[in-house]
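Below is one structure, written out as structure tokens; the observations come after it.
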There are 4 protein chains.
Amino acid sequence: MASDRTRSIDLNADVGESFGPWPMGADAELIPLVSRVNVACGAHAGDPVTILRTVELAVRHGAAIGAHPGYPDLAGFGRRDLDLSPDELRATLVVQIGAVQAAATVAGTHVVHVKPHGAMYNRAARDAAMAATIAAAVRDVDSALVLVGLAGSESIAAAREIGLAAAEEAFADRRYEPDGSLRSRRLDGALLSPGEAAAQAVSIARDGCVIASDGSRLAVHADTLCIHGDSPGAVDIARAVRAAVEAAGIQVARRNAG
Amino acid sequence: MASDRTRSIDLNADVGESFGPWPMGADAELIPLVSRVNVACGAHAGDPVTILRTVELAVRHGAAIGAHPGYPDLAGFGRRDLDLSPDELRATLVVQIGAVQAAATVAGTHVVHVKPHGAMYNRAARDAAMAATIAAAVRDVDSALVLVGLAGSESIAAAREIGLAAAEEAFADRRYEPDGSLRSRRLDGALLSPGEAAAQAVSIARDGCVIASDGSRLAVHADTLCIHGDSPGAVDIARAVRAAVEAAGIQVARRNAG
Amino acid sequence: MASDRTRSIDLNADVGESFGPWPMGADAELIPLVSRVNVACGAHAGDPVTILRTVELAVRHGAAIGAHPGYPDLAGFGRRDLDLSPDELRATLVVQIGAVQAAATVAGTHVVHVKPHGAMYNRAARDAAMAATIAAAVRDVDSALVLVGLAGSESIAAAREIGLAAAEEAFADRRYEPDGSLRSRRLDGALLSPGEAAAQAVSIARDGCVIASDGSRLAVHADTLCIHGDSPGAVDIARAVRAAVEAAGIQVARRNAG
Amino acid sequence: MASDRTRSIDLNADVGESFGPWPMGADAELIPLVSRVNVACGAHAGDPVTILRTVELAVRHGAAIGAHPGYPDLAGFGRRDLDLSPDELRATLVVQIGAVQAAATVAGTHVVHVKPHGAMYNRAARDAAMAATIAAAVRDVDSALVLVGLAGSESIAAAREIGLAAAEEAFADRRYEPDGSLRSRRLDGALLSPGEAAAQAVSIARDGCVIASDGSRLAVHADTLCIHGDSPGAVDIARAVRAAVEAAGIQVARRNAG
């Protein structure tokens, strides 16, 4: 029954986004706090050593492991639109997922989900053709993978259309606009404090809604909640979110799907 | 019995070494002529689209598919020594092999061997510690993989030491020195003509020997014979080799191992 | 007087687009046939050795040297749109031009013009804000540089707006549409044969017009005519164009501007 | 007279070593404390936006600007040996220096010195042929440039051999071995505390000597003292060094050469 379903919440974080000599994020502290991690694949971030270490860290802490492919644009961190053809998009997804799969194999586990990154994630959410290319590529690599995408977006629809499991993602640490989009990082109040993020996480997990930027109540369904690993306060946010949802009687645990 | 064993010979070629707008090699003509291909993994050559297309081409022609990892140095084509730490070497191998594995999965097949490229291949042949790192990485990704290395080298010894299948490689299109090394490309007579390569291939496959640069007879054992895909006359050489070995009653076919 | 002005025509070609082990174009044959070369700067194509060799080749044949900056996207050859911020666009232009300037200095000469490449060229032609960013970056590196852009485009207007010399470019080897745009490479008849290119070059140089794809007569002003270096028949086209314009009494020579 | 010469000391720091989304170092705090900065050129670190910003920061604080070229190996941060041919080494130096020169031009200044980075710096210090290639490349770009190299090394000798000004570098923040080499970072006591670095800086600047790891006194001549920008305590070290040398009556100022 529905109330059972809300007794647990899946928390995910983007990790493995260091590159060579440049660290990013606080993976060692963040990974123990979440149930699922999205591992950068070397295209927008992540180098081979980082990929292996991150997967091993996730195994140690029991987090479900996913691939986090992005545009091949290190300098832009995959946040700049890059106009890939469908063939190019499909191919880069396949090899990026494969890189993390092999690292997972070496660490004695396997990849259970895929979550695109940055500009690729955002564009797929509203571009049905691109979403279909992504869903097909993921299915063709492993039809048991779960595609994580923006709740209610084209990404989710495209996955379901071809029988691929999809997980709808909402955001604990970002303010929503009344139309369901995320408030731009350029605007005041876009980023939530740990306390606000914790409250929003409980609200989504228990009640299926958030308070949007204009004060209105917005329905938000989430199979998984994202903590941005590259935020300065990512660890504080994850701690606050985890404590708050547990205090509300909700367990942090990976969902069956994925 | 021994004579049976020489009734077939495995021919391999390095393929998928185009990058973005820059073609290299004549894969479409070369792949039908060999029994095994080594697919560049995107580090020294090969981009995601090329990896997928190359794997599909190999499937179409029934060639066994291997990963051909190299140093992450596109501009140097993996031919310049790069002083990777053991952890860096292991990690780059894992993700490079994973990239081709995922492409093979998408094409309905799987990777059966790994052959390092260029400076990595050459250094591993004489550096036991490096060879051990490579063999362990390959085994940890998939213990059923076959490691292809220079016949009689440290690469082969390291694989066998840990129970990984190894295939000893000899070269149809390169002159050997009396000590068993390949004659440097900088010296006259290093590269064989199609006719010379064909004769050398038959000599290796049937008699287990070559005529070295000083005219002496040199024992060369080969589980697989390499045709360099990036040679200008690669296709002519492959045609000549194939015709000559078949005329000698030897079948071109992938060996059981791998 | 006007008739004097048409007694010479500037021919330019994109060169230096090899990368590492991958050759592109036939620079050694093409450069002697043109009066101006655009040297790839290492971002969409070109590696440091290629940049130096190309500049030296241009010096030997007396061709004017320009920088040919593009999006930092080797795998996509700068032909995929990449959404750079104005700061990112400005910065990549500065360092790309600087790379060719230093190579020119080493070769005893200097860079006289800048011509953006591929998707950057095309987008700047119609995007006034982007064109202004490009023009300002070029001027700030060296106010004596000439910006080469599509004839009649925003690129030209932006340069003139800030007092930067501009050279309007037309194309000898591509069919024009009646609206003055280039016929898409995906459509039949987009690429001209050497004979057609030669006729079009004479028509532009002598009469200031071309015959468009629908047979209509289109006015085309050109300060410089482009021969695409990466076309398979680039050298044949350049030879035919050069012979035809010289037969028509028009000298191939760099214009004063630049 | 000699005592006058030691009334000032040149302090340099490696800066601009961020890349894309990944910050490194504390350039904004460090640059005001030194008299000379070495700006990463985009090969081992540094992206175009970082190069421009770093040069502008140096201009604002009156620091002399140098190029800090390294091996083209971002993931390895230029600290892994890469076996470039002399042509490749020369070419990468030329284009890397050119990138910073253009950025300096845009910022209204110019590059006055070149200091190789990491594995390139270390290898050139003991490899005379490589040092000669570097010195020639620097001179050919601009014969007024100063080459900064390890005090007493082949780098210095090679520059002087061809009439290029050279600045001998010593290290404030690293322990010396009795033979004049730097103690390996892998050994205890290799990195000095701010207080130790300050004392060593004064000792070098005033007395031309350091206390080596075995307690012996070692003569060290320095035209410039390096503060490693990527050390965690770089800013603290720079502050301590500056305060100590000024307290000893020595001014921090760029030397005439460069």
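By order of appearance in the structure tokens: chains A, B, ..., then residues from 1 within every chain, and ligands from 1 in the order shown.
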Close residues, Gly163 in chain A itself excluded, 12 Å, only C-alpha atoms, min 6 positions apart in chain, as a PyMOL selection string: chain A and resi 132+135-136+138-140+143-147+156-157
Counting only C-alpha atoms, which residues of chain C come no farther than 7 Å from chain B, as JSON, numbers by chain? {"C": [19, 20, 21, 22, 24, 74, 75, 76, 77]}
With a distance cut-off of 10 Å and only C-alpha atoms, select the neighbouring residues of Arg255 in chain A, excluding the residue or stretch itself and same-chain residues fewer than 2 positions from it, and output the selection as a list in words.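 Non-adjacent residues within range: Arg5, Ser8, Ile9, Asp10, Leu11, Ser35, Arg36, Ala64, Ala167, Asp223, Thr224, Val252, Ala253, Ala257 and Gly258 of chain A.
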Strand (DSSP E) positions in range 34-102 of chain D, given as a ChimeraX atom specification: /D:36-40,64-68
Could you write out the selected residues, including N, CA and C atoms, as a PDB file, in the first residue's frame?
```pdb
ATOM      1  N   ARG D  36      57.094  37.394  -8.966  1.00  0.00           N
ATOM      2  CA  ARG D  36      57.147  36.755 -10.285  1.00  0.00           C
ATOM      3  C   ARG D  36      56.230  35.542 -10.265  1.00  0.00           C
ATOM      4  N   VAL D  37      55.433  35.368 -11.337  1.00  0.00           N
ATOM      5  CA  VAL D  37      54.553  34.195 -11.394  1.00  0.00           C
ATOM      6  C   VAL D  37      54.812  33.420 -12.674  1.00  0.00           C
ATOM      7  N   ASN D  38      54.649  32.110 -12.562  1.00  0.00           N
ATOM      8  CA  ASN D  38      54.799  31.190 -13.681  1.00  0.00           C
ATOM      9  C   ASN D  38      53.403  30.671 -14.007  1.00  0.00           C
ATOM     10  N   VAL D  39      52.892  31.039 -15.182  1.00  0.00           N
ATOM     11  CA  VAL D  39      51.494  30.774 -15.517  1.00  0.00           C
ATOM     12  C   VAL D  39      51.385  29.502 -16.363  1.00  0.00           C
ATOM     13  N   ALA D  40      50.649  28.524 -15.847  1.00  0.00           N
ATOM     14  CA  ALA D  40      50.433  27.281 -16.590  1.00  0.00           C
ATOM     15  C   ALA D  40      49.783  27.581 -17.940  1.00  0.00           C
ATOM     16  N   ALA D  64      55.919  40.007 -12.175  1.00  0.00           N
ATOM     17  CA  ALA D  64      56.450  39.674 -13.503  1.00  0.00           C
ATOM     18  C   ALA D  64      55.780  38.387 -13.969  1.00  0.00           C
ATOM     19  N   ILE D  65      55.492  38.321 -15.274  1.00  0.00           N
ATOM     20  CA  ILE D  65      54.737  37.182 -15.814  1.00  0.00           C
ATOM     21  C   ILE D  65      55.623  36.285 -16.647  1.00  0.00           C
ATOM     22  N   GLY D  66      55.572  34.992 -16.319  1.00  0.00           N
ATOM     23  CA  GLY D  66      56.283  34.000 -17.107  1.00  0.00           C
ATOM     24  C   GLY D  66      55.343  32.917 -17.567  1.00  0.00           C
ATOM     25  N   ALA D  67      55.778  32.204 -18.605  1.00  0.00           N
ATOM     26  CA  ALA D  67      55.044  31.017 -19.051  1.00  0.00           C
ATOM     27  C   ALA D  67      55.599  29.811 -18.309  1.00  0.00           C
ATOM     28  N   HIS D  68      54.726  28.878 -17.991  1.00  0.00           N
ATOM     29  CA  HIS D  68      55.099  27.694 -17.211  1.00  0.00           C
ATOM     30  C   HIS D  68      54.673  26.450 -18.002  1.00  0.00           C
TER      31      HIS D  68
END
```
Could you pull out the alpha helix (DSSP H) residues of range 8-226 of chain C, going by DSSP on the backbone, and write them as a PyMOL selection string? chain C and resi 27-30+48-61+86-106+118-126+128-141+154-161+194-202
Would you export the selected residues with C-alpha atoms as a PDB file, in the first residue's frame, please?
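Written file, selection.pdb:
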```
ATOM      1  CA  ASP C  27      49.148  21.072 -47.507  1.00  0.00           C
ATOM      2  CA  ALA C  28      52.440  20.664 -49.334  1.00  0.00           C
ATOM      3  CA  GLU C  29      50.688  20.778 -52.687  1.00  0.00           C
ATOM      4  CA  LEU C  30      47.947  23.214 -51.767  1.00  0.00           C
ATOM      5  CA  PRO C  48      52.132  21.779 -32.058  1.00  0.00           C
ATOM      6  CA  VAL C  49      54.450  20.045 -34.544  1.00  0.00           C
ATOM      7  CA  THR C  50      51.890  20.478 -37.303  1.00  0.00           C
ATOM      8  CA  ILE C  51      51.430  24.154 -36.479  1.00  0.00           C
ATOM      9  CA  LEU C  52      55.154  24.835 -36.765  1.00  0.00           C
ATOM     10  CA  ARG C  53      55.600  22.815 -39.946  1.00  0.00           C
ATOM     11  CA  THR C  54      52.609  24.432 -41.577  1.00  0.00           C
ATOM     12  CA  VAL C  55      53.784  27.930 -40.787  1.00  0.00           C
ATOM     13  CA  GLU C  56      57.242  27.111 -42.154  1.00  0.00           C
ATOM     14  CA  LEU C  57      55.674  25.751 -45.332  1.00  0.00           C
ATOM     15  CA  ALA C  58      53.654  28.933 -45.754  1.00  0.00           C
ATOM     16  CA  VAL C  59      56.767  31.057 -45.285  1.00  0.00           C
ATOM     17  CA  ARG C  60      58.610  29.054 -47.922  1.00  0.00           C
ATOM     18  CA  HIS C  61      55.830  29.670 -50.453  1.00  0.00           C
ATOM     19  CA  PRO C  86      31.526  34.976 -24.062  1.00  0.00           C
ATOM     20  CA  ASP C  87      34.448  34.753 -21.612  1.00  0.00           C
ATOM     21  CA  GLU C  88      35.245  31.217 -22.715  1.00  0.00           C
ATOM     22  CA  LEU C  89      35.006  32.143 -26.389  1.00  0.00           C
ATOM     23  CA  ARG C  90      37.243  35.174 -25.935  1.00  0.00           C
ATOM     24  CA  ALA C  91      39.815  33.220 -23.947  1.00  0.00           C
ATOM     25  CA  THR C  92      40.038  30.294 -26.350  1.00  0.00           C
ATOM     26  CA  LEU C  93      40.470  32.702 -29.261  1.00  0.00           C
ATOM     27  CA  VAL C  94      43.284  34.545 -27.508  1.00  0.00           C
ATOM     28  CA  VAL C  95      45.306  31.450 -26.671  1.00  0.00           C
ATOM     29  CA  GLN C  96      44.686  29.818 -30.049  1.00  0.00           C
ATOM     30  CA  ILE C  97      45.833  32.905 -31.928  1.00  0.00           C
ATOM     31  CA  GLY C  98      48.806  33.177 -29.587  1.00  0.00           C
ATOM     32  CA  ALA C  99      49.892  29.647 -30.413  1.00  0.00           C
ATOM     33  CA  VAL C 100      50.102  30.416 -34.129  1.00  0.00           C
ATOM     34  CA  GLN C 101      51.675  33.815 -33.480  1.00  0.00           C
ATOM     35  CA  ALA C 102      54.530  32.193 -31.587  1.00  0.00           C
ATOM     36  CA  ALA C 103      54.990  29.628 -34.350  1.00  0.00           C
ATOM     37  CA  ALA C 104      55.073  32.446 -36.883  1.00  0.00           C
ATOM     38  CA  THR C 105      57.660  34.322 -34.839  1.00  0.00           C
ATOM     39  CA  VAL C 106      59.854  31.241 -34.739  1.00  0.00           C
ATOM     40  CA  GLY C 118      33.489  25.400 -38.677  1.00  0.00           C
ATOM     41  CA  ALA C 119      30.600  25.805 -36.287  1.00  0.00           C
ATOM     42  CA  MET C 120      32.214  28.886 -34.772  1.00  0.00           C
ATOM     43  CA  TYR C 121      32.460  30.535 -38.204  1.00  0.00           C
ATOM     44  CA  ASN C 122      28.908  29.644 -39.117  1.00  0.00           C
ATOM     45  CA  ARG C 123      27.353  30.758 -35.862  1.00  0.00           C
ATOM     46  CA  ALA C 124      29.279  34.027 -35.752  1.00  0.00           C
ATOM     47  CA  ALA C 125      28.039  34.821 -39.257  1.00  0.00           C
ATOM     48  CA  ARG C 126      24.480  35.162 -37.955  1.00  0.00           C
ATOM     49  CA  ALA C 128      25.847  39.544 -33.718  1.00  0.00           C
ATOM     50  CA  ALA C 129      26.778  39.172 -30.028  1.00  0.00           C
ATOM     51  CA  MET C 130      29.098  36.289 -30.738  1.00  0.00           C
ATOM     52  CA  ALA C 131      30.584  38.152 -33.698  1.00  0.00           C
ATOM     53  CA  ALA C 132      31.283  41.121 -31.424  1.00  0.00           C
ATOM     54  CA  THR C 133      33.058  38.886 -28.895  1.00  0.00           C
ATOM     55  CA  ILE C 134      35.220  37.430 -31.652  1.00  0.00           C
ATOM     56  CA  ALA C 135      36.068  40.786 -33.203  1.00  0.00           C
ATOM     57  CA  ALA C 136      37.036  42.263 -29.826  1.00  0.00           C
ATOM     58  CA  ALA C 137      39.220  39.291 -28.947  1.00  0.00           C
ATOM     59  CA  VAL C 138      41.054  39.502 -32.280  1.00  0.00           C
ATOM     60  CA  ARG C 139      41.581  43.240 -31.928  1.00  0.00           C
ATOM     61  CA  ASP C 140      42.812  42.891 -28.359  1.00  0.00           C
ATOM     62  CA  VAL C 141      45.454  40.376 -29.411  1.00  0.00           C
ATOM     63  CA  GLU C 154      27.515  39.688 -38.820  1.00  0.00           C
ATOM     64  CA  SER C 155      31.201  38.739 -38.511  1.00  0.00           C
ATOM     65  CA  ILE C 156      32.162  41.434 -40.998  1.00  0.00           C
ATOM     66  CA  ALA C 157      29.824  44.015 -39.471  1.00  0.00           C
ATOM     67  CA  ALA C 158      31.165  43.380 -35.965  1.00  0.00           C
ATOM     68  CA  ALA C 159      34.771  43.838 -37.063  1.00  0.00           C
ATOM     69  CA  ARG C 160      34.060  47.096 -38.874  1.00  0.00           C
ATOM     70  CA  GLU C 161      32.027  48.350 -35.928  1.00  0.00           C
ATOM     71  CA  PRO C 194      37.239  21.627 -60.304  1.00  0.00           C
ATOM     72  CA  GLY C 195      35.828  22.997 -63.561  1.00  0.00           C
ATOM     73  CA  GLU C 196      32.745  24.453 -61.913  1.00  0.00           C
ATOM     74  CA  ALA C 197      34.821  25.915 -59.095  1.00  0.00           C
ATOM     75  CA  ALA C 198      37.142  27.524 -61.610  1.00  0.00           C
ATOM     76  CA  ALA C 199      34.238  29.100 -63.451  1.00  0.00           C
ATOM     77  CA  GLN C 200      32.676  30.310 -60.217  1.00  0.00           C
ATOM     78  CA  ALA C 201      35.984  31.795 -59.075  1.00  0.00           C
ATOM     79  CA  VAL C 202      36.348  33.770 -62.301  1.00  0.00           C
TER      80      VAL C 202
END
```
Considering only C-alpha atoms, return as a list in words whatever protein or nucleic-acid residues lie within 7 Å of Leu33 in chain D, sequence-local ones (same chain, fewer than 2 positions apart) excluded.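 Final neighbour list, sorted by chain and number: Leu30, Ile31, Ala238 and Arg239 of chain D.
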Go ahead and write the residues just picked, C-alpha atoms, as a PDB file, in the first residue's frame.
```
ATOM      1  CA  LEU D  30      49.535  34.189  -3.337  1.00  0.00           C
ATOM      2  CA  ILE D  31      50.188  36.516  -6.261  1.00  0.00           C
ATOM      3  CA  ALA D 238      54.723  32.867   1.209  1.00  0.00           C
ATOM      4  CA  ARG D 239      53.632  35.161   4.040  1.00  0.00           C
TER       5      ARG D 239
END
```
